[in-house]
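> Provided herewith is a single structure, encoded as structure tokens, for subsequent inquiry.
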Amino acid sequence: MIEAKQRSSRETVDSVMDIINQMVENDEEVKICSLMKKTGCSRSLFYNNQEIKAAVERAKALQQGKSYSSEKNVVINKSMEKDLERLKKRCERLEAENEELRKENERLKKAADAKMIKLISKL
């Protein structure tokens, strides 16, 4: 019974160590919450098991100075980039429309001035 529990515990540790190594190799940020999701293990395992705790600390030390974006931030950034591109196109379209309206307004002013001059000259 004890032997089976020790074997199971060793398998869990080995599995967690493999996942930590994969995350480092794949340039994924090693965080306890990410490890919890990937392994299905409890938070306490990562703090109470000295071998795993040391592996997490080593991985974090290797990754120090690197910046990582969470998947959520990447999705938000892509969405914001699409919105920005859409708004730029709209702005360009509105600027062109505004320029056309200014030209038309100027043309109508000249036509109105010409009519006004014609009316005044008839008096």
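Each chain in the structure tokens gets a letter, A, B, ..., in the order shown, and its residues are numbered from 1; ligands are numbered from 1 in order too.
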Among the residues of region 15-104 of chain A, find those DSSP assigns to helix (DSSP H, G or I) from the backbone and print them as a compact mmCIF listing (two decimals) with N, CA and C atoms, in the first residue's frame.

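Result saved to out-v7.txt:
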# COMPACT_ATOMS: atom_id res chain seq x y z
N SER A 15 5.70 13.63 -13.82
CA SER A 15 4.79 14.25 -14.77
C SER A 15 4.88 15.78 -14.68
N VAL A 16 4.88 16.30 -13.46
CA VAL A 16 4.97 17.75 -13.26
C VAL A 16 6.32 18.27 -13.78
N MET A 17 7.38 17.54 -13.51
CA MET A 17 8.71 17.95 -13.97
C MET A 17 8.77 17.99 -15.50
N ASP A 18 8.15 17.00 -16.14
CA ASP A 18 8.09 16.97 -17.61
C ASP A 18 7.36 18.19 -18.14
N ILE A 19 6.25 18.53 -17.52
CA ILE A 19 5.46 19.68 -17.97
C ILE A 19 6.23 20.98 -17.77
N ILE A 20 6.94 21.10 -16.65
CA ILE A 20 7.76 22.30 -16.42
C ILE A 20 8.81 22.41 -17.52
N ASN A 21 9.48 21.30 -17.82
CA ASN A 21 10.50 21.31 -18.87
C ASN A 21 9.91 21.66 -20.23
N GLN A 22 8.73 21.12 -20.53
CA GLN A 22 8.07 21.44 -21.80
C GLN A 22 7.74 22.93 -21.88
N MET A 23 7.26 23.48 -20.79
CA MET A 23 6.91 24.90 -20.78
C MET A 23 8.14 25.76 -21.03
N VAL A 24 9.25 25.41 -20.42
CA VAL A 24 10.50 26.16 -20.62
C VAL A 24 10.94 26.04 -22.08
N GLU A 25 10.91 24.82 -22.62
CA GLU A 25 11.31 24.59 -24.01
C GLU A 25 10.42 25.34 -24.99
N ILE A 32 2.59 29.07 -11.30
CA ILE A 32 1.90 28.03 -10.54
C ILE A 32 0.49 27.81 -11.09
N CYS A 33 -0.22 28.89 -11.37
CA CYS A 33 -1.60 28.72 -11.85
C CYS A 33 -1.62 28.00 -13.20
N SER A 34 -0.65 28.27 -14.07
CA SER A 34 -0.57 27.56 -15.36
C SER A 34 -0.27 26.08 -15.14
N LEU A 35 0.64 25.82 -14.21
CA LEU A 35 0.98 24.43 -13.91
C LEU A 35 -0.21 23.69 -13.32
N MET A 36 -0.97 24.36 -12.48
CA MET A 36 -2.16 23.74 -11.88
C MET A 36 -3.14 23.32 -12.98
N LYS A 37 -3.34 24.19 -13.95
CA LYS A 37 -4.27 23.88 -15.04
C LYS A 37 -3.76 22.72 -15.89
N LYS A 38 -2.46 22.76 -16.20
CA LYS A 38 -1.90 21.73 -17.09
C LYS A 38 -1.79 20.37 -16.42
N THR A 39 -1.53 20.36 -15.12
CA THR A 39 -1.30 19.09 -14.43
C THR A 39 -2.52 18.57 -13.69
N ARG A 43 -2.40 23.48 -5.73
CA ARG A 43 -1.41 24.53 -5.49
C ARG A 43 -0.40 24.09 -4.42
N SER A 44 -0.88 23.43 -3.41
CA SER A 44 -0.01 23.04 -2.30
C SER A 44 1.13 22.13 -2.76
N LEU A 45 0.90 21.30 -3.77
CA LEU A 45 1.95 20.41 -4.27
C LEU A 45 3.16 21.22 -4.73
N PHE A 46 2.90 22.34 -5.39
CA PHE A 46 3.99 23.14 -5.96
C PHE A 46 4.78 23.89 -4.89
N TYR A 47 4.18 24.08 -3.73
CA TYR A 47 4.86 24.77 -2.64
C TYR A 47 5.43 23.79 -1.61
N ASN A 48 4.79 22.65 -1.44
CA ASN A 48 5.21 21.71 -0.40
C ASN A 48 6.22 20.67 -0.86
N GLN A 50 9.49 19.79 -2.32
CA GLN A 50 10.74 20.53 -2.50
C GLN A 50 11.34 20.35 -3.88
N GLU A 51 11.23 19.17 -4.45
CA GLU A 51 11.77 18.92 -5.78
C GLU A 51 11.05 19.75 -6.84
N ILE A 52 9.74 19.77 -6.75
CA ILE A 52 8.94 20.55 -7.71
C ILE A 52 9.15 22.05 -7.47
N LYS A 53 9.16 22.43 -6.21
CA LYS A 53 9.36 23.85 -5.88
C LYS A 53 10.69 24.34 -6.44
N ALA A 54 11.75 23.54 -6.30
CA ALA A 54 13.07 23.91 -6.82
C ALA A 54 13.04 24.00 -8.35
N ALA A 55 12.33 23.08 -9.00
CA ALA A 55 12.24 23.08 -10.47
C ALA A 55 11.50 24.33 -10.95
N VAL A 56 10.45 24.71 -10.26
CA VAL A 56 9.70 25.92 -10.62
C VAL A 56 10.59 27.15 -10.44
N GLU A 57 11.32 27.21 -9.35
CA GLU A 57 12.21 28.35 -9.11
C GLU A 57 13.32 28.42 -10.16
N ARG A 58 13.88 27.27 -10.54
CA ARG A 58 14.90 27.25 -11.59
C ARG A 58 14.32 27.74 -12.91
N ALA A 59 13.13 27.28 -13.24
CA ALA A 59 12.49 27.69 -14.50
C ALA A 59 12.22 29.19 -14.50
N LYS A 60 11.74 29.69 -13.38
CA LYS A 60 11.49 31.13 -13.29
C LYS A 60 12.78 31.93 -13.40
N ALA A 61 13.86 31.41 -12.82
CA ALA A 61 15.16 32.08 -12.92
C ALA A 61 15.63 32.11 -14.37
N LEU A 62 15.43 31.01 -15.10
CA LEU A 62 15.81 30.96 -16.52
C LEU A 62 15.01 31.96 -17.34
N GLN A 63 13.77 32.17 -16.94
CA GLN A 63 12.87 33.02 -17.71
C GLN A 63 12.91 34.48 -17.26
N GLU A 71 -2.59 34.55 -23.10
CA GLU A 71 -3.45 34.32 -24.26
C GLU A 71 -4.57 35.34 -24.31
N LYS A 72 -5.08 35.71 -23.14
CA LYS A 72 -6.15 36.68 -23.08
C LYS A 72 -5.68 38.02 -23.64
N ASN A 73 -4.47 38.45 -23.26
CA ASN A 73 -3.94 39.71 -23.76
C ASN A 73 -3.71 39.67 -25.26
N VAL A 74 -3.26 38.54 -25.76
CA VAL A 74 -3.03 38.41 -27.19
C VAL A 74 -4.34 38.55 -27.94
N VAL A 75 -5.40 37.91 -27.46
CA VAL A 75 -6.71 38.00 -28.10
C VAL A 75 -7.21 39.44 -28.04
N ILE A 76 -7.06 40.08 -26.89
CA ILE A 76 -7.50 41.47 -26.75
C ILE A 76 -6.71 42.36 -27.69
N ASN A 77 -5.39 42.17 -27.78
CA ASN A 77 -4.56 42.98 -28.67
C ASN A 77 -4.97 42.80 -30.12
N LYS A 78 -5.24 41.58 -30.54
CA LYS A 78 -5.66 41.34 -31.92
C LYS A 78 -6.99 42.01 -32.19
N SER A 79 -7.89 41.93 -31.24
CA SER A 79 -9.19 42.57 -31.38
C SER A 79 -9.04 44.08 -31.48
N MET A 80 -8.18 44.62 -30.64
CA MET A 80 -7.95 46.08 -30.66
C MET A 80 -7.29 46.50 -31.96
N GLU A 81 -6.38 45.68 -32.49
CA GLU A 81 -5.73 46.00 -33.77
C GLU A 81 -6.76 46.03 -34.89
N LYS A 82 -7.69 45.07 -34.89
CA LYS A 82 -8.75 45.05 -35.90
C LYS A 82 -9.63 46.29 -35.77
N ASP A 83 -9.99 46.64 -34.54
CA ASP A 83 -10.80 47.83 -34.31
C ASP A 83 -10.07 49.08 -34.78
N LEU A 84 -8.79 49.17 -34.48
CA LEU A 84 -7.99 50.32 -34.88
C LEU A 84 -7.94 50.43 -36.39
N GLU A 85 -7.72 49.32 -37.07
CA GLU A 85 -7.67 49.32 -38.53
C GLU A 85 -9.02 49.75 -39.12
N ARG A 86 -10.10 49.23 -38.55
CA ARG A 86 -11.44 49.61 -39.01
C ARG A 86 -11.68 51.10 -38.80
N LEU A 87 -11.26 51.62 -37.65
CA LEU A 87 -11.46 53.04 -37.36
C LEU A 87 -10.59 53.94 -38.24
N LYS A 88 -9.38 53.48 -38.58
CA LYS A 88 -8.53 54.25 -39.48
C LYS A 88 -9.18 54.37 -40.85
N LYS A 89 -9.72 53.24 -41.35
CA LYS A 89 -10.39 53.26 -42.66
C LYS A 89 -11.59 54.19 -42.62
N ARG A 90 -12.35 54.13 -41.52
CA ARG A 90 -13.52 55.00 -41.40
C ARG A 90 -13.09 56.46 -41.36
N CYS A 91 -12.02 56.74 -40.63
CA CYS A 91 -11.51 58.11 -40.54
C CYS A 91 -11.09 58.63 -41.93
N GLU A 92 -10.38 57.79 -42.69
CA GLU A 92 -9.97 58.18 -44.04
C GLU A 92 -11.18 58.45 -44.92
N ARG A 93 -12.18 57.58 -44.80
CA ARG A 93 -13.40 57.75 -45.61
C ARG A 93 -14.10 59.05 -45.23
N LEU A 94 -14.19 59.31 -43.93
CA LEU A 94 -14.86 60.53 -43.47
C LEU A 94 -14.07 61.79 -43.84
N GLU A 95 -12.75 61.70 -43.81
CA GLU A 95 -11.93 62.85 -44.23
C GLU A 95 -12.14 63.14 -45.71
N ALA A 96 -12.20 62.10 -46.53
CA ALA A 96 -12.45 62.29 -47.96
C ALA A 96 -13.84 62.89 -48.19
N GLU A 97 -14.83 62.37 -47.46
CA GLU A 97 -16.19 62.90 -47.57
C GLU A 97 -16.23 64.36 -47.12
N ASN A 98 -15.53 64.67 -46.05
CA ASN A 98 -15.47 66.04 -45.55
C ASN A 98 -14.85 66.97 -46.59
N GLU A 99 -13.79 66.52 -47.23
CA GLU A 99 -13.13 67.33 -48.26
C GLU A 99 -14.08 67.58 -49.44
N GLU A 100 -14.82 66.54 -49.85
CA GLU A 100 -15.79 66.70 -50.93
C GLU A 100 -16.88 67.71 -50.54
N LEU A 101 -17.34 67.62 -49.31
CA LEU A 101 -18.37 68.56 -48.84
C LEU A 101 -17.84 69.99 -48.77
N ARG A 102 -16.60 70.15 -48.38
CA ARG A 102 -16.00 71.50 -48.36
C ARG A 102 -15.94 72.09 -49.78
N LYS A 103 -15.53 71.25 -50.74
CA LYS A 103 -15.47 71.70 -52.13
C LYS A 103 -16.85 72.08 -52.64
N GLU A 104 -17.84 71.22 -52.33
CA GLU A 104 -19.20 71.51 -52.76
C GLU A 104 -19.72 72.79 -52.10
> To one decimal place, how far is CA of Arg107 (chain A) from CA of Lys122 (chain A) in Å?
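CA of Lys122 (chain A) lies at a distance of 22.8 Å from CA of Arg107 (chain A).
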> How many Å separate CA of Gln64 (chain A) from CA of Val30 (chain A)?
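Here the two named atoms are 10.4 Å from each other.
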> Can you work out the spacing between CA of Ser42 (chain A) and CA of Thr12 (chain A) in Å, to one decimal?
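Between CA of Ser42 (chain A) and CA of Thr12 (chain A) the gap works out to 11.4 Å.
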